[in-house]
$ cat input-v8.txt   # compact mmCIF, C-alpha atoms
# COMPACT_ATOMS: atom_id res chain seq x y z
CA MET H 1 -9.42 -4.79 -10.57
CA VAL H 2 -9.03 -2.49 -7.58
CA GLY H 3 -8.89 1.31 -7.75
CA PRO H 4 -9.59 3.49 -10.81
CA GLY H 5 -9.76 0.42 -13.06
CA GLY H 6 -8.47 -0.43 -16.51
CA ARG H 7 -8.36 2.02 -19.39
CA ILE H 8 -7.77 2.39 -23.12
CA GLU H 9 -5.65 5.32 -24.34
CA LEU H 10 -5.63 6.67 -27.90
CA ILE H 11 -3.28 9.37 -29.24
CA ALA H 12 -3.42 10.65 -32.84
CA TYR H 13 -0.41 12.28 -34.50
CA ALA H 14 0.03 14.28 -37.71
CA LYS H 15 2.83 13.63 -40.21
CA ASP H 16 4.99 16.25 -38.48
CA GLN H 17 4.61 14.35 -35.16
CA ARG H 18 2.18 16.88 -33.68
CA LYS H 19 -0.32 15.41 -31.24
CA ILE H 20 -3.71 16.28 -32.71
CA ALA H 21 -6.13 14.22 -30.60
CA GLU H 22 -6.10 12.23 -27.37
CA TYR H 23 -8.75 10.04 -25.73
CA THR H 24 -8.94 7.96 -22.54
CA HIS H 25 -11.70 5.43 -21.93
CA TYR H 26 -12.01 3.84 -18.46
CA LEU H 27 -13.40 0.32 -18.25
CA GLY H 28 -14.48 0.25 -14.60
CA ASN H 29 -13.20 -1.82 -11.68
CA GLY H 30 -14.22 -4.96 -9.82
CA ASP H 31 -14.52 -8.47 -11.24
CA PHE H 32 -16.47 -9.24 -14.40
CA PRO H 33 -16.41 -11.84 -17.22
CA TRP H 34 -15.35 -11.17 -20.79
CA ARG H 35 -17.31 -8.33 -22.30
CA ARG H 36 -17.07 -6.13 -25.36
CA TYR H 37 -16.26 -2.45 -24.95
CA GLY H 38 -16.79 0.09 -27.69
CA PHE H 39 -16.81 3.86 -27.96
CA ALA H 40 -16.94 6.40 -30.77
CA PHE H 41 -14.24 9.05 -31.23
CA HIS H 42 -13.31 11.62 -33.84
CA LEU H 43 -10.12 11.10 -35.82
CA PRO H 44 -8.85 14.31 -37.54
CA ALA H 45 -8.29 14.09 -41.28
CA GLU H 46 -4.59 14.92 -40.94
CA CYS H 47 -3.98 11.91 -38.71
CA ALA H 48 -0.94 9.93 -39.88
CA ARG H 49 -0.46 7.66 -36.86
CA LEU H 50 -2.65 6.36 -34.07
CA ASN H 51 -1.05 5.04 -30.89
CA VAL H 52 -3.05 2.66 -28.71
CA ALA H 53 -2.26 1.64 -25.10
CA PHE H 54 -4.00 -0.55 -22.56
CA ALA H 55 -3.35 0.11 -18.88
CA ASN H 56 -4.56 -0.54 -15.36
CA ALA H 57 -4.59 2.51 -13.11
CA GLY H 58 -4.99 0.35 -10.03
CA THR H 59 -4.11 -3.25 -9.17
CA GLY H 60 -5.35 -6.66 -10.16
CA ASP H 61 -5.45 -8.40 -13.53
CA MET H 62 -6.84 -6.98 -16.77
CA PHE H 63 -7.05 -9.19 -19.86
CA ILE H 64 -7.38 -7.73 -23.36
CA GLY H 65 -8.66 -9.75 -26.28
CA GLU H 66 -9.20 -8.84 -29.93
CA SER H 67 -9.34 -5.11 -30.70
CA THR H 68 -10.73 -3.56 -33.89
CA PHE H 69 -11.26 -0.08 -35.33
CA GLU H 70 -14.27 0.40 -37.60
CA PRO H 71 -15.21 3.56 -39.51
CA LEU H 72 -18.58 5.04 -38.70
CA PRO H 73 -20.26 6.92 -41.59
CA PRO H 74 -21.75 10.35 -40.82
CA ASP H 75 -25.22 10.21 -39.29
CA ALA H 76 -25.02 6.43 -38.97
CA PRO H 77 -26.58 5.00 -35.80
CA LEU H 78 -24.24 3.70 -33.14
CA PRO H 79 -24.14 -0.07 -32.64
CA ALA H 80 -25.91 -1.19 -29.49
CA ASP H 81 -22.72 -1.86 -27.52
CA VAL H 82 -20.83 1.29 -28.56
CA ALA H 83 -20.81 4.41 -26.35
CA ALA H 84 -21.25 7.81 -27.98
CA GLN H 85 -18.00 9.03 -26.42
CA PRO H 86 -15.16 7.73 -24.23
CA GLN H 87 -15.74 7.33 -20.49
CA ALA H 88 -13.17 9.88 -19.33
CA LYS H 89 -13.72 9.44 -15.57
CA PRO H 90 -12.15 6.57 -13.63
CA ALA H 91 -14.20 4.28 -11.41
CA ILE H 92 -15.24 5.66 -8.02
CA TYR H 93 -14.39 3.78 -4.84
CA ALA H 94 -15.20 4.45 -1.20
CA PRO H 95 -13.07 7.29 0.22
CA SER H 96 -10.54 6.82 2.99
CA PRO H 97 -10.94 8.46 6.40
CA PRO H 98 -9.92 12.17 6.44
CA GLY H 99 -6.17 12.76 6.54
CA ALA H 100 -5.16 9.31 5.31
CA VAL H 101 -2.09 9.21 3.07
CA LEU H 102 -1.98 5.41 2.99
CA ASP H 103 -4.92 3.01 3.08
CA LEU H 104 -4.12 -0.62 2.29
CA ARG H 105 -7.49 -2.39 2.26
CA LEU H 106 -6.15 -5.64 0.77
CA SER H 107 -9.14 -5.85 -1.55
CA GLU H 108 -7.24 -7.74 -4.26
CA GLY H 109 -7.13 -11.14 -2.56
CA LYS H 110 -4.33 -12.28 -4.91
CA GLY H 111 -1.34 -11.03 -6.86
CA HIS H 112 1.85 -9.15 -6.00
CA TYR H 113 0.49 -5.62 -5.51
CA VAL H 114 -1.78 -3.83 -3.05
CA PHE H 115 -3.52 -0.60 -4.07
CA ASN H 116 -3.31 2.49 -1.89
CA HIS H 117 -6.86 3.88 -1.73
CA ALA H 118 -5.82 7.13 -0.01
CA ASP H 119 -3.23 8.92 -2.16
CA ALA H 120 -2.49 8.08 -5.80
CA ASN H 121 0.97 9.64 -5.48
CA PHE H 122 2.00 7.01 -2.91
CA PRO H 123 3.27 3.92 -4.79
CA PRO H 124 1.48 0.57 -4.48
CA LEU H 125 2.69 -2.08 -2.06
CA GLU H 126 4.88 -4.81 -3.59
CA LEU H 127 4.87 -8.31 -2.06
CA CYS H 128 7.70 -10.82 -1.66
CA ASN H 129 6.94 -14.37 -0.43
CA VAL H 130 3.68 -13.12 1.08
CA THR H 131 0.43 -15.04 0.65
CA TRP H 132 -3.16 -13.85 0.77
CA GLU H 133 -5.09 -15.40 3.62
CA PRO H 134 -8.49 -14.12 4.76
CA SER H 135 -9.13 -14.69 8.46
CA ASP H 136 -12.32 -14.25 10.48
CA GLY H 137 -13.86 -12.22 7.67
CA ARG H 138 -10.84 -9.90 7.44
CA SER H 139 -8.61 -9.56 4.37
CA ALA H 140 -5.03 -10.30 5.35
CA LEU H 141 -1.48 -11.03 4.22
CA ARG H 142 0.53 -13.86 5.77
CA PHE H 143 4.22 -13.33 6.47
CA HIS H 144 6.07 -16.65 6.59
CA HIS H 145 9.29 -18.05 7.90
CA HIS H 146 12.29 -18.63 5.65
CA VAL H 147 11.64 -19.97 2.13
CA LYS H 148 14.10 -21.64 -0.22
CA ASP H 149 15.95 -19.39 -2.65
CA GLY H 150 14.55 -21.21 -5.68
CA GLU H 151 10.98 -20.80 -4.42
CA THR H 152 11.00 -17.01 -4.08
CA ASN H 153 7.91 -15.26 -5.33
CA PHE H 154 7.91 -11.48 -5.63
CA ALA H 155 6.70 -8.58 -7.74
CA ARG H 156 8.71 -8.13 -10.93
CA GLY H 157 9.76 -4.93 -12.61
CA GLY H 158 9.47 -2.66 -9.58
CA THR H 159 11.32 -1.47 -6.49
CA LEU H 160 11.97 -4.97 -5.16
CA GLU H 161 13.58 -6.30 -8.31
CA PHE H 162 15.39 -3.28 -9.75
CA PHE H 163 16.30 -1.17 -6.71
CA LEU H 164 16.78 -3.77 -3.95
CA PHE H 165 17.28 -7.35 -5.07
CA ALA H 166 19.62 -6.25 -7.86
CA HIS H 167 22.18 -5.49 -5.11
CA ASP H 168 24.01 -8.30 -3.31
CA ALA H 169 23.40 -6.68 0.08
CA TYR H 170 19.66 -7.30 -0.30
CA HIS H 171 19.90 -10.84 -1.67
CA LYS H 172 18.93 -12.43 1.66
CA GLY H 173 15.67 -10.48 1.56
CA LYS H 174 14.56 -12.59 -1.41
CA THR H 175 14.05 -15.58 0.87
CA LYS H 176 11.98 -13.71 3.45
CA SER H 177 8.39 -12.46 3.62
CA VAL H 178 8.42 -8.69 3.15
CA ALA H 179 6.25 -6.01 1.58
CA ILE H 180 7.45 -2.59 0.47
CA ALA H 181 6.15 0.58 -1.14
CA GLY H 182 8.50 3.35 -2.22
CA SER H 183 12.15 3.64 -1.24
CA HIS H 184 14.77 5.94 0.28
CA GLY H 185 14.55 7.93 -2.96
CA SER H 186 10.79 8.50 -2.78
CA PRO H 187 9.49 12.06 -2.40
CA GLN H 188 9.56 13.51 1.11
CA ARG H 189 6.75 15.23 3.00
CA ASN H 190 6.86 17.37 6.12
CA TYR H 191 4.78 16.16 9.06
CA LYS H 192 3.78 17.80 12.32
CA ALA H 193 1.43 14.97 13.18
CA LEU H 194 1.14 11.29 12.28
CA THR H 195 -0.92 8.21 12.99
CA LEU H 196 0.03 4.63 12.11
CA ALA H 197 -2.68 2.00 12.53
CA THR H 198 -2.87 -1.67 11.56
CA TRP H 199 -4.45 -5.01 12.34
CA VAL H 200 -2.15 -7.93 13.22
CA ARG H 201 -2.61 -11.59 14.10
CA PRO H 202 0.84 -12.80 15.20
CA ALA H 203 2.06 -16.37 15.00
CA ALA H 204 3.01 -18.29 18.13
CA THR H 205 6.75 -17.71 17.53
CA MET H 206 8.92 -15.15 15.81
CA THR H 207 12.49 -15.60 14.54
CA LYS H 208 14.74 -17.17 17.16
CA GLY H 209 17.49 -14.86 18.35
CA GLN H 210 15.63 -11.75 17.17
CA PRO H 211 13.63 -10.41 20.13
CA ILE H 212 12.10 -7.57 18.10
CA ALA H 213 9.83 -8.12 15.10
CA ASP H 214 9.03 -5.17 12.84
CA ILE H 215 5.38 -4.93 11.79
CA LEU H 216 5.39 -1.61 9.98
CA GLY H 217 8.08 0.96 9.22
CA PHE H 218 7.14 4.32 7.67
CA GLY H 219 9.23 7.04 6.03
CA SER H 220 12.39 4.97 5.54
CA ARG H 221 11.54 3.41 8.92
CA ARG H 222 11.74 6.67 10.84
CA VAL H 223 8.50 5.67 12.56
CA ARG H 224 7.70 2.05 13.25
CA LEU H 225 5.50 -0.46 15.06
CA GLU H 226 7.07 -3.58 16.57
CA LEU H 227 6.54 -6.66 18.72
CA LEU H 228 8.83 -7.63 21.59
CA GLY H 229 9.49 -11.31 22.32
CA GLU H 230 10.42 -14.52 20.51
CA GLN H 231 7.14 -16.19 21.41
CA ALA H 232 3.63 -15.22 22.46
CA PRO H 233 2.39 -13.34 24.36
CA TYR H 234 4.17 -10.30 22.90
CA GLN H 235 4.56 -6.75 24.07
CA PHE H 236 3.68 -4.04 21.57
CA GLY H 237 6.01 -1.14 20.89
CA GLY H 238 6.89 1.74 18.66
CA ARG H 239 9.75 4.08 17.89
CA PHE H 240 9.75 7.65 16.58
CA THR H 241 13.00 8.52 14.68
CA GLU H 242 16.21 6.52 14.95
CA GLY H 243 17.47 8.49 17.93
CA GLY H 244 14.16 8.53 19.74
CA PRO H 245 13.26 6.23 22.64
CA PHE H 246 11.38 2.94 22.33
CA LEU H 247 7.89 2.84 23.79
CA TRP H 248 6.64 -0.55 25.00
CA SER H 249 3.34 -1.70 26.40
CA GLY H 250 3.38 -3.11 29.92
CA PRO H 251 3.57 -6.81 30.84
CA ASP H 252 -0.21 -6.88 31.31
CA GLU H 253 -0.90 -5.32 27.89
CA THR H 254 0.21 -8.06 25.53
CA LEU H 255 -0.76 -9.71 22.24
CA ALA H 256 -1.81 -13.34 22.19
CA ALA H 257 -0.97 -15.57 19.24
CA ASP H 258 -3.56 -16.34 16.54
CA ARG H 259 -5.90 -13.53 17.60
CA TRP H 260 -6.55 -10.23 15.87
CA HIS H 261 -5.26 -7.09 17.60
CA HIS H 262 -5.49 -3.45 16.53
CA LEU H 263 -2.34 -1.36 16.98
CA ALA H 264 -1.93 2.40 16.66
CA LEU H 265 0.78 5.00 17.19
CA THR H 266 0.03 8.73 17.17
CA ALA H 267 2.56 11.55 17.24
CA GLU H 268 1.98 15.31 17.22
CA VAL H 269 3.97 18.46 17.95
CA ASN H 270 3.00 20.19 21.22
CA ALA H 271 3.23 23.86 22.24
CA ASN H 272 6.89 23.35 23.21
CA GLN H 273 7.76 22.09 19.72
CA GLN H 274 8.27 18.58 21.02
CA TRP H 275 6.62 15.37 19.89
CA ASP H 276 3.93 13.77 22.06
CA ILE H 277 3.76 10.06 21.21
CA ARG H 278 1.02 7.61 22.23
CA LEU H 279 0.56 3.87 21.72
CA SER H 280 -2.86 2.22 21.61
CA LEU H 281 -3.69 -1.49 21.76
CA ASN H 282 -7.21 -2.58 20.83
CA GLY H 283 -8.47 0.98 21.24
CA LYS H 284 -6.89 1.55 24.66
CA MET H 285 -3.86 3.83 25.21
CA VAL H 286 -1.08 1.76 26.78
CA GLN H 287 1.92 4.12 26.67
CA GLN H 288 2.75 7.77 26.10
CA ARG H 289 5.97 9.76 26.06
CA THR H 290 7.40 13.07 24.85
CA ASN H 291 10.30 12.96 22.40
CA GLN H 292 12.33 16.07 23.13
CA SER H 293 14.86 15.62 20.33
CA GLY H 294 12.71 14.73 17.34
CA PRO H 295 12.96 17.11 14.35
CA VAL H 296 10.10 19.52 13.71
CA PRO H 297 8.71 19.06 11.16
CA LEU H 298 9.51 15.42 10.55
CA GLN H 299 10.69 14.80 6.98
CA ALA H 300 9.61 11.34 5.85
CA HIS H 301 9.85 9.56 2.51
CA ASP H 302 6.76 8.09 0.85
CA SER H 303 7.90 4.61 1.80
CA ILE H 304 6.71 1.77 4.02
CA VAL H 305 7.98 -1.71 4.76
CA LEU H 306 6.00 -4.53 6.38
CA GLY H 307 7.45 -7.59 8.06
CA THR H 308 11.11 -6.63 8.48
CA GLU H 309 13.57 -3.79 8.98
CA LEU H 310 14.34 -1.91 5.75
CA HIS H 311 18.14 -1.74 5.73
CA TYR H 312 19.12 -4.86 3.74
CA MET H 313 16.01 -6.69 4.99
CA HIS H 314 18.09 -9.07 7.09
CA ASP H 315 16.57 -8.73 10.55
CA ASN H 316 13.45 -8.19 12.72
CA TYR H 317 11.22 -10.58 10.77
CA TYR H 318 7.53 -10.71 11.63
CA HIS H 319 5.50 -13.93 11.28
CA GLY H 320 1.73 -14.00 11.14
CA LEU H 321 -1.04 -11.98 9.51
CA ILE H 322 -1.26 -8.25 8.81
CA GLY H 323 -4.61 -6.75 7.90
CA ARG H 324 -5.83 -3.34 6.82
CA THR H 325 -3.16 -0.70 7.41
CA LEU H 326 -3.54 3.09 7.43
CA ILE H 327 -1.23 6.09 7.87
CA PHE H 328 -2.52 9.63 8.50
CA ASP H 329 -0.91 13.05 8.35
CA ARG H 330 -2.68 13.97 11.60
CA ALA H 331 -2.94 12.56 15.12
CA LEU H 332 -6.21 10.70 15.55
CA SER H 333 -8.15 11.03 18.78
CA ALA H 334 -8.99 8.05 20.97
CA ASP H 335 -12.53 8.05 19.58
CA GLU H 336 -11.25 8.08 15.99
CA ILE H 337 -8.92 5.16 16.70
CA ALA H 338 -11.88 3.27 18.14
CA GLN H 339 -13.77 3.99 14.90
CA LEU H 340 -10.88 2.54 12.86
CA MET H 341 -11.43 -0.76 14.63
CA LYS H 342 -14.87 -0.93 13.03
CA LEU H 343 -13.52 -0.70 9.48
CA PRO H 344 -13.47 -3.97 7.50
$ encode --input "input-v8.txt" --output "structure tokens"
Amino acid sequence: MVGPGGRIELIAYAKDQRKIAEYTHYLGNGDFPWRRYGFAFHLPAECARLNVAFANAGTGDMFIGESTFEPLPPDAPLPADVAAQPQAKPAIYAPSPPGAVLDLRLSEGKGHYVFNHADANFPPLELCNVTWEPSDGRSALRFHHHVKDGETNFARGGTLEFFLFAHDAYHKGKTKSVAIAGSHGSPQRNYKALTLATWVRPAATMTKGQPIADILGFGSRRVRLELLGEQAPYQFGGRFTEGGPFLWSGPDETLAADRWHHLALTAEVNANQQWDIRLSLNGKMVQQRTNQSGPVPLQAHDSIVLGTELHYMHDNYYHGLIGRTLIFDRALSADEIAQLMKLP
């Protein structure tokens, strides 16, 4: 399990439906074999109903076996494997860099969800036709070419299934490799500075007839990172708001196929209330421009999409690996971007 870990929740009610007691016991995170958990708790005499729930506050699999409730006489010693009280605090994990609102570390290594280590209010990433593939010691997700409709493999019960694939307009997206967190209806935040940063290892070719491949789109794709070209080597680019200009790296600042590259876009409001935008490739700034028409502040939804454009998911497909991805509510300096390259 990744994140706060699994938990057991108990709620006691009186006959008149009043809640009279509530307990939460966290089980920890990480991988471990079957083990017995036990904790003591007080059940008020007027209890008429006890509700029990098992949950995972992060991502990964949690398996629950037999569960029992046993009375404990007053002054009786606790069994050896029973805690005196519930563990009310979730598991602790390493913090994200300051200012991060999204930190996809890809620690799971399997499954359909990726935990956001930075902000619990930002929804987890859901995967569609994406496989886990570590590369050169780096956790990564592989985005494929077209798959057959009957072979689609995506997260069930979330945004992909209920809010996108339930509509005919998004049906084609089922056969593509995409990843998404949040939606157009997610909460909005106001930004006066942003940084998008990610690791990519592109394939030798992208989709024929689509010269632009979307790597990452943030805030209903108002800010995005992209590749230019149908085959390697690729130019790296970005765009800030739909009406803003594209920024592309030069012909000598390209991405080779089957090699890891670190990409970053920073944007911040200057003294003239305009957006200064910079692109960095492998820690080196390769392009900068001022967007004179961008809104201040920028209102962006808590949403991201990897591997395609967001509107109907029918274009701009990316093929290759994507590694750890971060988004900040501030513009990182050149030194800070260089430090990101040292993160696992």
$ atom_distance --input "input-v8.txt" --atom1 "CA of Gly60 (chain H)" --atom2 "CA of Pro97 (chain H)"
23.1 Å
$ residues_around --input "input-v8.txt" --residues "Gly28 (chain H)" --least-positions-apart "4" --cutoff "9 Å" --atoms "all atoms listed in the file" --output "list in words"
Met1, Gly3, Pro4, Gly5, Gly6, Arg7, Pro90, Ala91 and Ile92 of chain H
$ closest_residue --input "input-v8.txt" --among "H:Tyr170, H:Phe32, H:Phe328, H:Tyr113" --to "Val101 (chain H)" --atoms "only C-alpha atoms"
H:Phe328
$ atom_distance --input "input-v8.txt" --atom1 "CA of Ile277 (chain H)" --atom2 "CA of Thr290 (chain H)"
6.0 Å
$ closest_residue --input "input-v8.txt" --among "H:His261, H:His112, H:Arg224, H:Lys342" --to "Gly157 (chain H)" --atoms "all atoms listed in the file"
H:His112
$ residues_near_point --input "input-v8.txt" --point "(-0.9, -16.7, 18.7)" --cutoff "12 Å" --atoms "all atoms listed in the file" --output "CSV table (one decimal) with C-alpha atoms, in the coordinates of the input"
chain,number,residue,atom,x,y,z
H,200,VAL,CA,-2.2,-7.9,13.2
H,201,ARG,CA,-2.6,-11.6,14.1
H,202,PRO,CA,0.8,-12.8,15.2
H,203,ALA,CA,2.1,-16.4,15.0
H,204,ALA,CA,3.0,-18.3,18.1
H,205,THR,CA,6.8,-17.7,17.5
H,206,MET,CA,8.9,-15.2,15.8
H,230,GLU,CA,10.4,-14.5,20.5
H,231,GLN,CA,7.1,-16.2,21.4
H,232,ALA,CA,3.6,-15.2,22.5
H,233,PRO,CA,2.4,-13.3,24.4
H,234,TYR,CA,4.2,-10.3,22.9
H,254,THR,CA,0.2,-8.1,25.5
H,255,LEU,CA,-0.8,-9.7,22.2
H,256,ALA,CA,-1.8,-13.3,22.2
H,257,ALA,CA,-1.0,-15.6,19.2
H,258,ASP,CA,-3.6,-16.3,16.5
H,259,ARG,CA,-5.9,-13.5,17.6
H,260,TRP,CA,-6.6,-10.2,15.9
H,261,HIS,CA,-5.3,-7.1,17.6
H,319,HIS,CA,5.5,-13.9,11.3
H,320,GLY,CA,1.7,-14.0,11.1
H,321,LEU,CA,-1.0,-12.0,9.5
$ closest_residue --input "input-v8.txt" --among "H:Val223, H:Ala264, H:Ala334, H:Leu43" --to "Ala300 (chain H)" --atoms "only C-alpha atoms"
H:Val223
